[in-house]
Amino acid sequence: MTRSLVYILRCANEQYYVGSTTDLEMRLKQHQGGYGCHFTKAHLPFELIYTEEYPTIEQAYKRERQLHGWSRAKKEALISGNIELLKQLSNNKK
């Protein structure tokens, strides 16, 4: 079975980049080389700070799209594992 991941990078400008892939090592090399994503290319270097695993790339992509809509505060609560804050922020919006 192929491993599918959602990942979050912290770029040099302190912004977050959210992506999904079935090959994290290859995807990180692509980002580092400036291929496939204008945002990370413009804001190198980056640091991998979070991953979630999913059974299919479709599920990982769906989660990626969800995270794109989140505020910075919600992403930071997720990254830090602060579930109570994440719940609070989720109840305050949408």
# chains A, B, ... in the order shown; residues from 1 in each chain; ligands from 1
$ select_by_dssp --residues "segment 19-77 of chain A" --states "helix (DSSP H, G or I)" --output "count of residues only"
33
$ residues_around --residues "segment 67-81 of chain A" --least-positions-apart "4" --cutoff "12 Å" --atoms "only C-alpha atoms" --output "PDB file with all heavy atoms, in the first residue's frame"
ATOM      1  N   VAL A   6       0.003  14.291   4.332  1.00  0.00           N
ATOM      2  CA  VAL A   6      -0.177  15.740   4.320  1.00  0.00           C
ATOM      3  C   VAL A   6       0.998  16.266   5.126  1.00  0.00           C
ATOM      4  O   VAL A   6       1.367  15.683   6.150  1.00  0.00           O
ATOM      5  CB  VAL A   6      -1.501  16.150   4.989  1.00  0.00           C
ATOM      6  CG1 VAL A   6      -1.584  17.655   5.179  1.00  0.00           C
ATOM      7  CG2 VAL A   6      -2.678  15.649   4.184  1.00  0.00           C
ATOM      8  N   TYR A   7       1.592  17.353   4.664  1.00  0.00           N
ATOM      9  CA  TYR A   7       2.747  17.901   5.370  1.00  0.00           C
ATOM     10  C   TYR A   7       2.649  19.412   5.443  1.00  0.00           C
ATOM     11  O   TYR A   7       1.976  20.051   4.622  1.00  0.00           O
ATOM     12  CB  TYR A   7       4.053  17.478   4.697  1.00  0.00           C
ATOM     13  CG  TYR A   7       4.192  17.950   3.267  1.00  0.00           C
ATOM     14  CD1 TYR A   7       4.851  19.137   2.969  1.00  0.00           C
ATOM     15  CD2 TYR A   7       3.661  17.204   2.222  1.00  0.00           C
ATOM     16  CE1 TYR A   7       4.972  19.573   1.655  1.00  0.00           C
ATOM     17  CE2 TYR A   7       3.776  17.627   0.907  1.00  0.00           C
ATOM     18  CZ  TYR A   7       4.433  18.817   0.631  1.00  0.00           C
ATOM     19  OH  TYR A   7       4.549  19.253  -0.650  1.00  0.00           O
ATOM     20  N   ILE A   8       3.299  19.962   6.461  1.00  0.00           N
ATOM     21  CA  ILE A   8       3.369  21.417   6.610  1.00  0.00           C
ATOM     22  C   ILE A   8       4.836  21.802   6.717  1.00  0.00           C
ATOM     23  O   ILE A   8       5.587  21.214   7.501  1.00  0.00           O
ATOM     24  CB  ILE A   8       2.597  21.915   7.842  1.00  0.00           C
ATOM     25  CG1 ILE A   8       1.112  21.536   7.750  1.00  0.00           C
ATOM     26  CG2 ILE A   8       2.750  23.436   7.995  1.00  0.00           C
ATOM     27  CD1 ILE A   8       0.280  21.919   8.959  1.00  0.00           C
ATOM     28  N   LEU A   9       5.206  22.792   5.911  1.00  0.00           N
ATOM     29  CA  LEU A   9       6.549  23.357   5.939  1.00  0.00           C
ATOM     30  C   LEU A   9       6.475  24.764   6.523  1.00  0.00           C
ATOM     31  O   LEU A   9       5.523  25.494   6.249  1.00  0.00           O
ATOM     32  CB  LEU A   9       7.130  23.461   4.524  1.00  0.00           C
ATOM     33  CG  LEU A   9       7.135  22.205   3.663  1.00  0.00           C
ATOM     34  CD1 LEU A   9       7.647  22.544   2.262  1.00  0.00           C
ATOM     35  CD2 LEU A   9       7.969  21.120   4.300  1.00  0.00           C
ATOM     36  N   ARG A  10       7.472  25.137   7.302  1.00  0.00           N
ATOM     37  CA  ARG A  10       7.631  26.528   7.718  1.00  0.00           C
ATOM     38  C   ARG A  10       8.731  27.106   6.834  1.00  0.00           C
ATOM     39  O   ARG A  10       9.870  26.644   6.861  1.00  0.00           O
ATOM     40  CB  ARG A  10       7.999  26.674   9.185  1.00  0.00           C
ATOM     41  CG  ARG A  10       8.121  28.140   9.598  1.00  0.00           C
ATOM     42  CD  ARG A  10       8.385  28.402  11.078  1.00  0.00           C
ATOM     43  NE  ARG A  10       9.100  27.355  11.756  1.00  0.00           N
ATOM     44  CZ  ARG A  10       8.627  26.653  12.794  1.00  0.00           C
ATOM     45  NH1 ARG A  10       7.441  26.892  13.286  1.00  0.00           N
ATOM     46  NH2 ARG A  10       9.367  25.725  13.362  1.00  0.00           N
ATOM     47  N   GLU A  14       8.556  32.628   7.476  1.00  0.00           N
ATOM     48  CA  GLU A  14       7.722  32.206   8.606  1.00  0.00           C
ATOM     49  C   GLU A  14       6.288  31.845   8.204  1.00  0.00           C
ATOM     50  O   GLU A  14       5.464  31.599   9.066  1.00  0.00           O
ATOM     51  CB  GLU A  14       7.701  33.256   9.722  1.00  0.00           C
ATOM     52  CG  GLU A  14       9.054  33.465  10.378  1.00  0.00           C
ATOM     53  CD  GLU A  14       9.595  32.205  11.072  1.00  0.00           C
ATOM     54  OE1 GLU A  14       8.832  31.528  11.789  1.00  0.00           O
ATOM     55  OE2 GLU A  14      10.783  31.893  10.889  1.00  0.00           O
ATOM     56  N   GLN A  15       5.986  31.808   6.920  1.00  0.00           N
ATOM     57  CA  GLN A  15       4.673  31.368   6.484  1.00  0.00           C
ATOM     58  C   GLN A  15       4.670  29.850   6.346  1.00  0.00           C
ATOM     59  O   GLN A  15       5.725  29.226   6.202  1.00  0.00           O
ATOM     60  CB  GLN A  15       4.285  32.025   5.169  1.00  0.00           C
ATOM     61  CG  GLN A  15       3.988  33.503   5.318  1.00  0.00           C
ATOM     62  CD  GLN A  15       3.440  34.091   4.040  1.00  0.00           C
ATOM     63  OE1 GLN A  15       3.890  33.764   2.948  1.00  0.00           O
ATOM     64  NE2 GLN A  15       2.458  34.961   4.175  1.00  0.00           N
ATOM     65  N   TYR A  16       3.468  29.288   6.382  1.00  0.00           N
ATOM     66  CA  TYR A  16       3.315  27.850   6.264  1.00  0.00           C
ATOM     67  C   TYR A  16       2.918  27.469   4.842  1.00  0.00           C
ATOM     68  O   TYR A  16       2.148  28.164   4.194  1.00  0.00           O
ATOM     69  CB  TYR A  16       2.254  27.332   7.230  1.00  0.00           C
ATOM     70  CG  TYR A  16       2.610  27.548   8.675  1.00  0.00           C
ATOM     71  CD1 TYR A  16       1.749  28.212   9.531  1.00  0.00           C
ATOM     72  CD2 TYR A  16       3.818  27.093   9.189  1.00  0.00           C
ATOM     73  CE1 TYR A  16       2.079  28.414  10.857  1.00  0.00           C
ATOM     74  CE2 TYR A  16       4.156  27.294  10.510  1.00  0.00           C
ATOM     75  CZ  TYR A  16       3.284  27.952  11.342  1.00  0.00           C
ATOM     76  OH  TYR A  16       3.611  28.156  12.645  1.00  0.00           O
ATOM     77  N   TYR A  17       3.460  26.346   4.406  1.00  0.00           N
ATOM     78  CA  TYR A  17       3.067  25.738   3.135  1.00  0.00           C
ATOM     79  C   TYR A  17       2.503  24.366   3.463  1.00  0.00           C
ATOM     80  O   TYR A  17       3.135  23.576   4.167  1.00  0.00           O
ATOM     81  CB  TYR A  17       4.270  25.595   2.196  1.00  0.00           C
ATOM     82  CG  TYR A  17       3.919  24.865   0.934  1.00  0.00           C
ATOM     83  CD1 TYR A  17       3.376  25.536  -0.150  1.00  0.00           C
ATOM     84  CD2 TYR A  17       4.097  23.484   0.831  1.00  0.00           C
ATOM     85  CE1 TYR A  17       3.025  24.870  -1.319  1.00  0.00           C
ATOM     86  CE2 TYR A  17       3.750  22.803  -0.325  1.00  0.00           C
ATOM     87  CZ  TYR A  17       3.219  23.496  -1.390  1.00  0.00           C
ATOM     88  OH  TYR A  17       2.863  22.823  -2.534  1.00  0.00           O
ATOM     89  N   VAL A  18       1.304  24.078   2.971  1.00  0.00           N
ATOM     90  CA  VAL A  18       0.658  22.785   3.192  1.00  0.00           C
ATOM     91  C   VAL A  18       0.611  22.041   1.868  1.00  0.00           C
ATOM     92  O   VAL A  18       0.212  22.607   0.843  1.00  0.00           O
ATOM     93  CB  VAL A  18      -0.776  22.970   3.736  1.00  0.00           C
ATOM     94  CG1 VAL A  18      -1.443  21.614   3.960  1.00  0.00           C
ATOM     95  CG2 VAL A  18      -0.775  23.792   5.019  1.00  0.00           C
ATOM     96  N   GLY A  19       1.015  20.775   1.894  1.00  0.00           N
ATOM     97  CA  GLY A  19       0.990  19.962   0.688  1.00  0.00           C
ATOM     98  C   GLY A  19       0.628  18.524   1.003  1.00  0.00           C
ATOM     99  O   GLY A  19       0.503  18.140   2.164  1.00  0.00           O
ATOM    100  N   SER A  20       0.482  17.718  -0.050  1.00  0.00           N
ATOM    101  CA  SER A  20       0.232  16.283   0.116  1.00  0.00           C
ATOM    102  C   SER A  20       1.049  15.535  -0.926  1.00  0.00           C
ATOM    103  O   SER A  20       1.353  16.069  -1.990  1.00  0.00           O
ATOM    104  CB  SER A  20      -1.264  15.963  -0.029  1.00  0.00           C
ATOM    105  OG  SER A  20      -1.758  16.391  -1.272  1.00  0.00           O
ATOM    106  N   LEU A  48      10.467  21.102   7.587  1.00  0.00           N
ATOM    107  CA  LEU A  48       9.310  20.215   7.719  1.00  0.00           C
ATOM    108  C   LEU A  48       8.914  20.205   9.189  1.00  0.00           C
ATOM    109  O   LEU A  48       9.729  19.861  10.048  1.00  0.00           O
ATOM    110  CB  LEU A  48       9.655  18.800   7.249  1.00  0.00           C
ATOM    111  CG  LEU A  48       8.563  17.753   7.427  1.00  0.00           C
ATOM    112  CD1 LEU A  48       7.353  18.060   6.540  1.00  0.00           C
ATOM    113  CD2 LEU A  48       9.119  16.369   7.114  1.00  0.00           C
ATOM    114  N   ILE A  49       7.675  20.606   9.493  1.00  0.00           N
ATOM    115  CA  ILE A  49       7.286  20.706  10.902  1.00  0.00           C
ATOM    116  C   ILE A  49       6.090  19.850  11.285  1.00  0.00           C
ATOM    117  O   ILE A  49       5.782  19.717  12.466  1.00  0.00           O
ATOM    118  CB  ILE A  49       7.025  22.172  11.308  1.00  0.00           C
ATOM    119  CG1 ILE A  49       5.945  22.796  10.443  1.00  0.00           C
ATOM    120  CG2 ILE A  49       8.318  22.979  11.247  1.00  0.00           C
ATOM    121  CD1 ILE A  49       5.499  24.168  10.935  1.00  0.00           C
ATOM    122  N   TYR A  50       5.417  19.230  10.294  1.00  0.00           N
ATOM    123  CA  TYR A  50       4.227  18.450  10.642  1.00  0.00           C
ATOM    124  C   TYR A  50       3.880  17.500   9.506  1.00  0.00           C
ATOM    125  O   TYR A  50       4.006  17.860   8.331  1.00  0.00           O
ATOM    126  CB  TYR A  50       3.040  19.399  10.887  1.00  0.00           C
ATOM    127  CG  TYR A  50       1.794  18.695  11.329  1.00  0.00           C
ATOM    128  CD1 TYR A  50       1.627  18.302  12.648  1.00  0.00           C
ATOM    129  CD2 TYR A  50       0.775  18.411  10.425  1.00  0.00           C
ATOM    130  CE1 TYR A  50       0.477  17.645  13.059  1.00  0.00           C
ATOM    131  CE2 TYR A  50      -0.365  17.748  10.825  1.00  0.00           C
ATOM    132  CZ  TYR A  50      -0.513  17.371  12.137  1.00  0.00           C
ATOM    133  OH  TYR A  50      -1.643  16.709  12.543  1.00  0.00           O
ATOM    134  N   THR A  51       3.425  16.297   9.863  1.00  0.00           N
ATOM    135  CA  THR A  51       2.897  15.343   8.883  1.00  0.00           C
ATOM    136  C   THR A  51       1.712  14.591   9.473  1.00  0.00           C
ATOM    137  O   THR A  51       1.608  14.424  10.691  1.00  0.00           O
ATOM    138  CB  THR A  51       3.938  14.293   8.437  1.00  0.00           C
ATOM    139  OG1 THR A  51       4.343  13.526   9.569  1.00  0.00           O
ATOM    140  CG2 THR A  51       5.133  14.940   7.762  1.00  0.00           C
ATOM    141  N   GLU A  52       0.815  14.162   8.593  1.00  0.00           N
ATOM    142  CA  GLU A  52      -0.289  13.258   8.916  1.00  0.00           C
ATOM    143  C   GLU A  52      -0.322  12.205   7.812  1.00  0.00           C
ATOM    144  O   GLU A  52      -0.139  12.542   6.639  1.00  0.00           O
ATOM    145  CB  GLU A  52      -1.640  13.980   8.898  1.00  0.00           C
ATOM    146  CG  GLU A  52      -1.878  14.938  10.008  1.00  0.00           C
ATOM    147  CD  GLU A  52      -3.249  15.612   9.921  1.00  0.00           C
ATOM    148  OE1 GLU A  52      -4.034  15.360   8.974  1.00  0.00           O
ATOM    149  OE2 GLU A  52      -3.528  16.416  10.808  1.00  0.00           O
ATOM    150  N   ALA A  60      -5.619  12.304   1.622  1.00  0.00           N
ATOM    151  CA  ALA A  60      -4.575  13.269   2.000  1.00  0.00           C
ATOM    152  C   ALA A  60      -4.831  14.609   1.318  1.00  0.00           C
ATOM    153  O   ALA A  60      -4.707  15.665   1.948  1.00  0.00           O
ATOM    154  CB  ALA A  60      -3.194  12.726   1.627  1.00  0.00           C
ATOM    155  N   TYR A  61      -5.205  14.578   0.051  1.00  0.00           N
ATOM    156  CA  TYR A  61      -5.467  15.815  -0.677  1.00  0.00           C
ATOM    157  C   TYR A  61      -6.681  16.543  -0.094  1.00  0.00           C
ATOM    158  O   TYR A  61      -6.684  17.771   0.028  1.00  0.00           O
ATOM    159  CB  TYR A  61      -5.673  15.531  -2.164  1.00  0.00           C
ATOM    160  CG  TYR A  61      -5.913  16.784  -2.965  1.00  0.00           C
ATOM    161  CD1 TYR A  61      -4.878  17.686  -3.209  1.00  0.00           C
ATOM    162  CD2 TYR A  61      -7.174  17.080  -3.457  1.00  0.00           C
ATOM    163  CE1 TYR A  61      -5.095  18.850  -3.930  1.00  0.00           C
ATOM    164  CE2 TYR A  61      -7.401  18.244  -4.184  1.00  0.00           C
ATOM    165  CZ  TYR A  61      -6.361  19.123  -4.404  1.00  0.00           C
ATOM    166  OH  TYR A  61      -6.583  20.281  -5.114  1.00  0.00           O
ATOM    167  N   LYS A  62      -7.697  15.780   0.280  1.00  0.00           N
ATOM    168  CA  LYS A  62      -8.884  16.389   0.899  1.00  0.00           C
ATOM    169  C   LYS A  62      -8.497  17.104   2.190  1.00  0.00           C
ATOM    170  O   LYS A  62      -8.945  18.218   2.452  1.00  0.00           O
ATOM    171  CB  LYS A  62      -9.943  15.316   1.165  1.00  0.00           C
ATOM    172  CG  LYS A  62     -11.225  15.855   1.719  1.00  0.00           C
ATOM    173  CD  LYS A  62     -12.259  14.750   1.893  1.00  0.00           C
ATOM    174  CE  LYS A  62     -13.532  15.318   2.481  1.00  0.00           C
ATOM    175  NZ  LYS A  62     -14.566  14.305   2.673  1.00  0.00           N
ATOM    176  N   ARG A  63      -7.651  16.466   2.988  1.00  0.00           N
ATOM    177  CA  ARG A  63      -7.184  17.080   4.231  1.00  0.00           C
ATOM    178  C   ARG A  63      -6.321  18.313   3.936  1.00  0.00           C
ATOM    179  O   ARG A  63      -6.427  19.338   4.621  1.00  0.00           O
ATOM    180  CB  ARG A  63      -6.396  16.063   5.057  1.00  0.00           C
ATOM    181  CG  ARG A  63      -5.799  16.609   6.324  1.00  0.00           C
ATOM    182  CD  ARG A  63      -6.839  17.052   7.316  1.00  0.00           C
ATOM    183  NE  ARG A  63      -6.200  17.186   8.637  1.00  0.00           N
ATOM    184  CZ  ARG A  63      -6.751  17.783   9.653  1.00  0.00           C
ATOM    185  NH1 ARG A  63      -7.964  18.288   9.558  1.00  0.00           N
ATOM    186  NH2 ARG A  63      -6.117  17.855  10.801  1.00  0.00           N
ATOM    187  N   LEU A  85      -7.035  24.007  22.310  1.00  0.00           N
ATOM    188  CA  LEU A  85      -7.028  25.285  21.593  1.00  0.00           C
ATOM    189  C   LEU A  85      -7.598  25.112  20.198  1.00  0.00           C
ATOM    190  O   LEU A  85      -8.358  25.958  19.722  1.00  0.00           O
ATOM    191  CB  LEU A  85      -5.612  25.861  21.529  1.00  0.00           C
ATOM    192  CG  LEU A  85      -5.464  27.179  20.758  1.00  0.00           C
ATOM    193  CD1 LEU A  85      -6.349  28.273  21.354  1.00  0.00           C
ATOM    194  CD2 LEU A  85      -4.004  27.615  20.734  1.00  0.00           C
ATOM    195  N   LEU A  86      -7.256  24.014  19.544  1.00  0.00           N
ATOM    196  CA  LEU A  86      -7.791  23.750  18.203  1.00  0.00           C
ATOM    197  C   LEU A  86      -9.315  23.674  18.241  1.00  0.00           C
ATOM    198  O   LEU A  86      -9.998  24.250  17.390  1.00  0.00           O
ATOM    199  CB  LEU A  86      -7.194  22.451  17.647  1.00  0.00           C
ATOM    200  CG  LEU A  86      -7.550  22.081  16.219  1.00  0.00           C
ATOM    201  CD1 LEU A  86      -7.165  23.184  15.242  1.00  0.00           C
ATOM    202  CD2 LEU A  86      -6.858  20.784  15.837  1.00  0.00           C
ATOM    203  N   LYS A  87      -9.866  22.989  19.230  1.00  0.00           N
ATOM    204  CA  LYS A  87     -11.332  22.905  19.378  1.00  0.00           C
ATOM    205  C   LYS A  87     -11.926  24.281  19.610  1.00  0.00           C
ATOM    206  O   LYS A  87     -12.957  24.633  19.023  1.00  0.00           O
ATOM    207  CB  LYS A  87     -11.704  21.976  20.541  1.00  0.00           C
ATOM    208  CG  LYS A  87     -11.487  20.519  20.263  1.00  0.00           C
ATOM    209  CD  LYS A  87     -11.840  19.695  21.479  1.00  0.00           C
ATOM    210  CE  LYS A  87     -11.497  18.249  21.305  1.00  0.00           C
ATOM    211  NZ  LYS A  87     -11.781  17.454  22.524  1.00  0.00           N
ATOM    212  N   GLN A  88     -11.289  25.069  20.474  1.00  0.00           N
ATOM    213  CA  GLN A  88     -11.765  26.411  20.771  1.00  0.00           C
ATOM    214  C   GLN A  88     -11.759  27.282  19.514  1.00  0.00           C
ATOM    215  O   GLN A  88     -12.731  27.970  19.220  1.00  0.00           O
ATOM    216  CB  GLN A  88     -10.900  27.056  21.851  1.00  0.00           C
ATOM    217  CG  GLN A  88     -11.311  28.441  22.240  1.00  0.00           C
ATOM    218  CD  GLN A  88     -10.355  29.071  23.249  1.00  0.00           C
ATOM    219  OE1 GLN A  88      -9.373  28.443  23.652  1.00  0.00           O
ATOM    220  NE2 GLN A  88     -10.636  30.278  23.642  1.00  0.00           N
ATOM    221  N   LEU A  89     -10.681  27.243  18.772  1.00  0.00           N
ATOM    222  CA  LEU A  89     -10.588  28.029  17.542  1.00  0.00           C
ATOM    223  C   LEU A  89     -11.588  27.556  16.495  1.00  0.00           C
ATOM    224  O   LEU A  89     -12.134  28.358  15.743  1.00  0.00           O
ATOM    225  CB  LEU A  89      -9.161  27.962  16.978  1.00  0.00           C
ATOM    226  CG  LEU A  89      -8.086  28.661  17.815  1.00  0.00           C
ATOM    227  CD1 LEU A  89      -6.693  28.277  17.332  1.00  0.00           C
ATOM    228  CD2 LEU A  89      -8.277  30.166  17.799  1.00  0.00           C
ATOM    229  N   SER A  90     -11.858  26.253  16.451  1.00  0.00           N
ATOM    230  CA  SER A  90     -12.812  25.708  15.503  1.00  0.00           C
ATOM    231  C   SER A  90     -14.229  26.141  15.842  1.00  0.00           C
ATOM    232  O   SER A  90     -15.040  26.389  14.956  1.00  0.00           O
ATOM    233  CB  SER A  90     -12.744  24.181  15.483  1.00  0.00           C
ATOM    234  OG  SER A  90     -11.500  23.774  14.960  1.00  0.00           O
ATOM    235  N   ASN A  91     -14.527  26.257  17.133  1.00  0.00           N
ATOM    236  CA  ASN A  91     -15.857  26.693  17.553  1.00  0.00           C
ATOM    237  C   ASN A  91     -16.073  28.181  17.314  1.00  0.00           C
ATOM    238  O   ASN A  91     -17.208  28.624  17.174  1.00  0.00           O
ATOM    239  CB  ASN A  91     -16.095  26.375  19.032  1.00  0.00           C
ATOM    240  CG  ASN A  91     -16.249  24.891  19.270  1.00  0.00           C
ATOM    241  OD1 ASN A  91     -16.670  24.154  18.382  1.00  0.00           O
ATOM    242  ND2 ASN A  91     -15.907  24.433  20.455  1.00  0.00           N
ATOM    243  N   ASN A  92     -14.992  28.944  17.271  1.00  0.00           N
ATOM    244  CA  ASN A  92     -15.097  30.387  17.068  1.00  0.00           C
ATOM    245  C   ASN A  92     -15.329  30.760  15.621  1.00  0.00           C
ATOM    246  O   ASN A  92     -15.748  31.866  15.332  1.00  0.00           O
ATOM    247  CB  ASN A  92     -13.814  31.093  17.557  1.00  0.00           C
ATOM    248  CG  ASN A  92     -13.707  31.052  19.058  1.00  0.00           C
ATOM    249  OD1 ASN A  92     -14.683  30.833  19.763  1.00  0.00           O
ATOM    250  ND2 ASN A  92     -12.503  31.250  19.560  1.00  0.00           N
ATOM    251  N   LYS A  93     -15.006  29.857  14.695  1.00  0.00           N
ATOM    252  CA  LYS A  93     -15.134  30.130  13.266  1.00  0.00           C
ATOM    253  C   LYS A  93     -15.850  29.002  12.575  1.00  0.00           C
ATOM    254  O   LYS A  93     -15.672  27.842  12.904  1.00  0.00           O
ATOM    255  CB  LYS A  93     -13.748  30.302  12.627  1.00  0.00           C
ATOM    256  CG  LYS A  93     -13.260  31.717  12.597  1.00  0.00           C
ATOM    257  CD  LYS A  93     -11.971  31.756  11.844  1.00  0.00           C
ATOM    258  CE  LYS A  93     -12.009  32.852  10.829  1.00  0.00           C
ATOM    259  NZ  LYS A  93     -10.753  32.990  10.133  1.00  0.00           N
ATOM    260  N   LYS A  94     -16.625  29.355  11.580  1.00  0.00           N
ATOM    261  CA  LYS A  94     -17.332  28.396  10.720  1.00  0.00           C
ATOM    262  C   LYS A  94     -18.234  27.519  11.527  1.00  0.00           C
ATOM    263  O   LYS A  94     -18.135  26.459  11.877  1.00  0.00           O
ATOM    264  CB  LYS A  94     -16.368  27.600   9.852  1.00  0.00           C
ATOM    265  CG  LYS A  94     -15.606  28.495   8.914  1.00  0.00           C
ATOM    266  CD  LYS A  94     -14.689  27.666   8.055  1.00  0.00           C
ATOM    267  CE  LYS A  94     -13.851  28.580   7.184  1.00  0.00           C
ATOM    268  NZ  LYS A  94     -12.901  27.929   6.385  1.00  0.00           N
TER     269      LYS A  94
END
$ select_by_dssp --residues "chain A" --states "strand (DSSP E)" --output "ChimeraX atom specification"
/A:4-11,16-21,46-54
$ residues_around --residues "Glu53 of chain A" --least-positions-apart "3" --cutoff "7 Å" --atoms "only C-alpha atoms" --output "list in words"
Arg3, Ser4, Leu5 and Val6 of chain A
$ residues_around --residues "Gly34 of chain A" --least-positions-apart "6" --cutoff "10 Å" --atoms "only C-alpha atoms" --output "tab-separated table (two decimals) with N, CA, C and O atoms, in the first residue's frame"
chain	number	residue	atom	x	y	z
A	28	LEU	N	10.15	16.75	-0.89
A	28	LEU	CA	10.99	17.72	-0.19
A	28	LEU	C	12.20	18.11	-1.04
A	28	LEU	O	12.59	19.28	-1.08
A	40	THR	N	7.34	27.90	-2.33
A	40	THR	CA	8.51	27.46	-1.57
A	40	THR	C	9.81	27.88	-2.26
A	40	THR	O	10.79	28.20	-1.59
A	41	LYS	N	9.82	27.91	-3.58
A	41	LYS	CA	11.01	28.35	-4.31
A	41	LYS	C	11.37	29.78	-3.93
A	41	LYS	O	12.55	30.11	-3.76
A	42	ALA	N	10.37	30.62	-3.73
A	42	ALA	CA	10.59	32.02	-3.40
A	42	ALA	C	10.91	32.24	-1.92
A	42	ALA	O	11.37	33.32	-1.54
A	43	HIS	N	10.70	31.21	-1.09
A	43	HIS	CA	10.87	31.39	0.35
A	43	HIS	C	11.74	30.30	0.99
A	43	HIS	O	11.47	29.83	2.09
A	44	LEU	N	12.78	29.91	0.28
A	44	LEU	CA	13.75	28.94	0.82
A	44	LEU	C	14.62	29.62	1.86
A	44	LEU	O	14.82	30.83	1.79
$ closest_residue --among "A:Gln59, A:Gln30, A:Asn13, A:Thr21" --to "Phe46 of chain A" --atoms "only C-alpha atoms"
A:Asn13
$ closest_residue --among "A:Thr2, A:Thr56, A:Ile83, A:Ala12" --to "Gln32 of chain A" --atoms "only C-alpha atoms"
A:Ala12
$ closest_residue --among "A:His31, A:Arg65, A:Asn82, A:Asp23" --to "Pro45 of chain A" --atoms "only C-alpha atoms"
A:His31
$ atom_distance --atom1 "atom CA of Pro55 of chain A" --atom2 "atom CA of Phe39 of chain A"
27.1 Å
$ decode --residues "segment 10-41 of chain A" --atoms "C-alpha atoms" --output "mmCIF file, in the first residue's frame"
data_model
loop_
_atom_site.group_PDB
_atom_site.id
_atom_site.type_symbol
_atom_site.label_atom_id
_atom_site.label_comp_id
_atom_site.auth_asym_id
_atom_site.auth_seq_id
_atom_site.Cartn_x
_atom_site.Cartn_y
_atom_site.Cartn_z
ATOM 1 C CA ARG A 10 7.631 26.528 7.718
ATOM 2 C CA CYS A 11 9.325 28.686 5.089
ATOM 3 C CA ALA A 12 12.056 31.283 5.571
ATOM 4 C CA ASN A 13 9.433 34.054 5.684
ATOM 5 C CA GLU A 14 7.722 32.206 8.606
ATOM 6 C CA GLN A 15 4.673 31.368 6.484
ATOM 7 C CA TYR A 16 3.315 27.850 6.264
ATOM 8 C CA TYR A 17 3.067 25.738 3.135
ATOM 9 C CA VAL A 18 0.658 22.785 3.192
ATOM 10 C CA GLY A 19 0.990 19.962 0.688
ATOM 11 C CA SER A 20 0.232 16.283 0.116
ATOM 12 C CA THR A 21 2.271 13.513 -1.473
ATOM 13 C CA THR A 22 2.896 9.790 -1.694
ATOM 14 C CA ASP A 23 6.682 10.295 -1.577
ATOM 15 C CA LEU A 24 7.708 12.838 1.043
ATOM 16 C CA GLU A 25 11.453 12.481 0.507
ATOM 17 C CA MET A 26 11.141 13.132 -3.226
ATOM 18 C CA ARG A 27 8.698 16.004 -2.691
ATOM 19 C CA LEU A 28 10.993 17.725 -0.188
ATOM 20 C CA LYS A 29 13.873 17.423 -2.662
ATOM 21 C CA GLN A 30 11.657 19.006 -5.307
ATOM 22 C CA HIS A 31 10.799 21.885 -2.989
ATOM 23 C CA GLN A 32 14.461 22.370 -2.046
ATOM 24 C CA GLY A 33 15.443 22.385 -5.721
ATOM 25 C CA GLY A 34 12.765 24.942 -6.569
ATOM 26 C CA TYR A 35 10.642 22.557 -8.646
ATOM 27 C CA GLY A 36 6.874 22.244 -8.593
ATOM 28 C CA CYS A 37 6.001 25.094 -6.270
ATOM 29 C CA HIS A 38 6.605 28.782 -6.802
ATOM 30 C CA PHE A 39 5.846 29.633 -3.169
ATOM 31 C CA THR A 40 8.515 27.457 -1.573
ATOM 32 C CA LYS A 41 11.010 28.351 -4.310
#
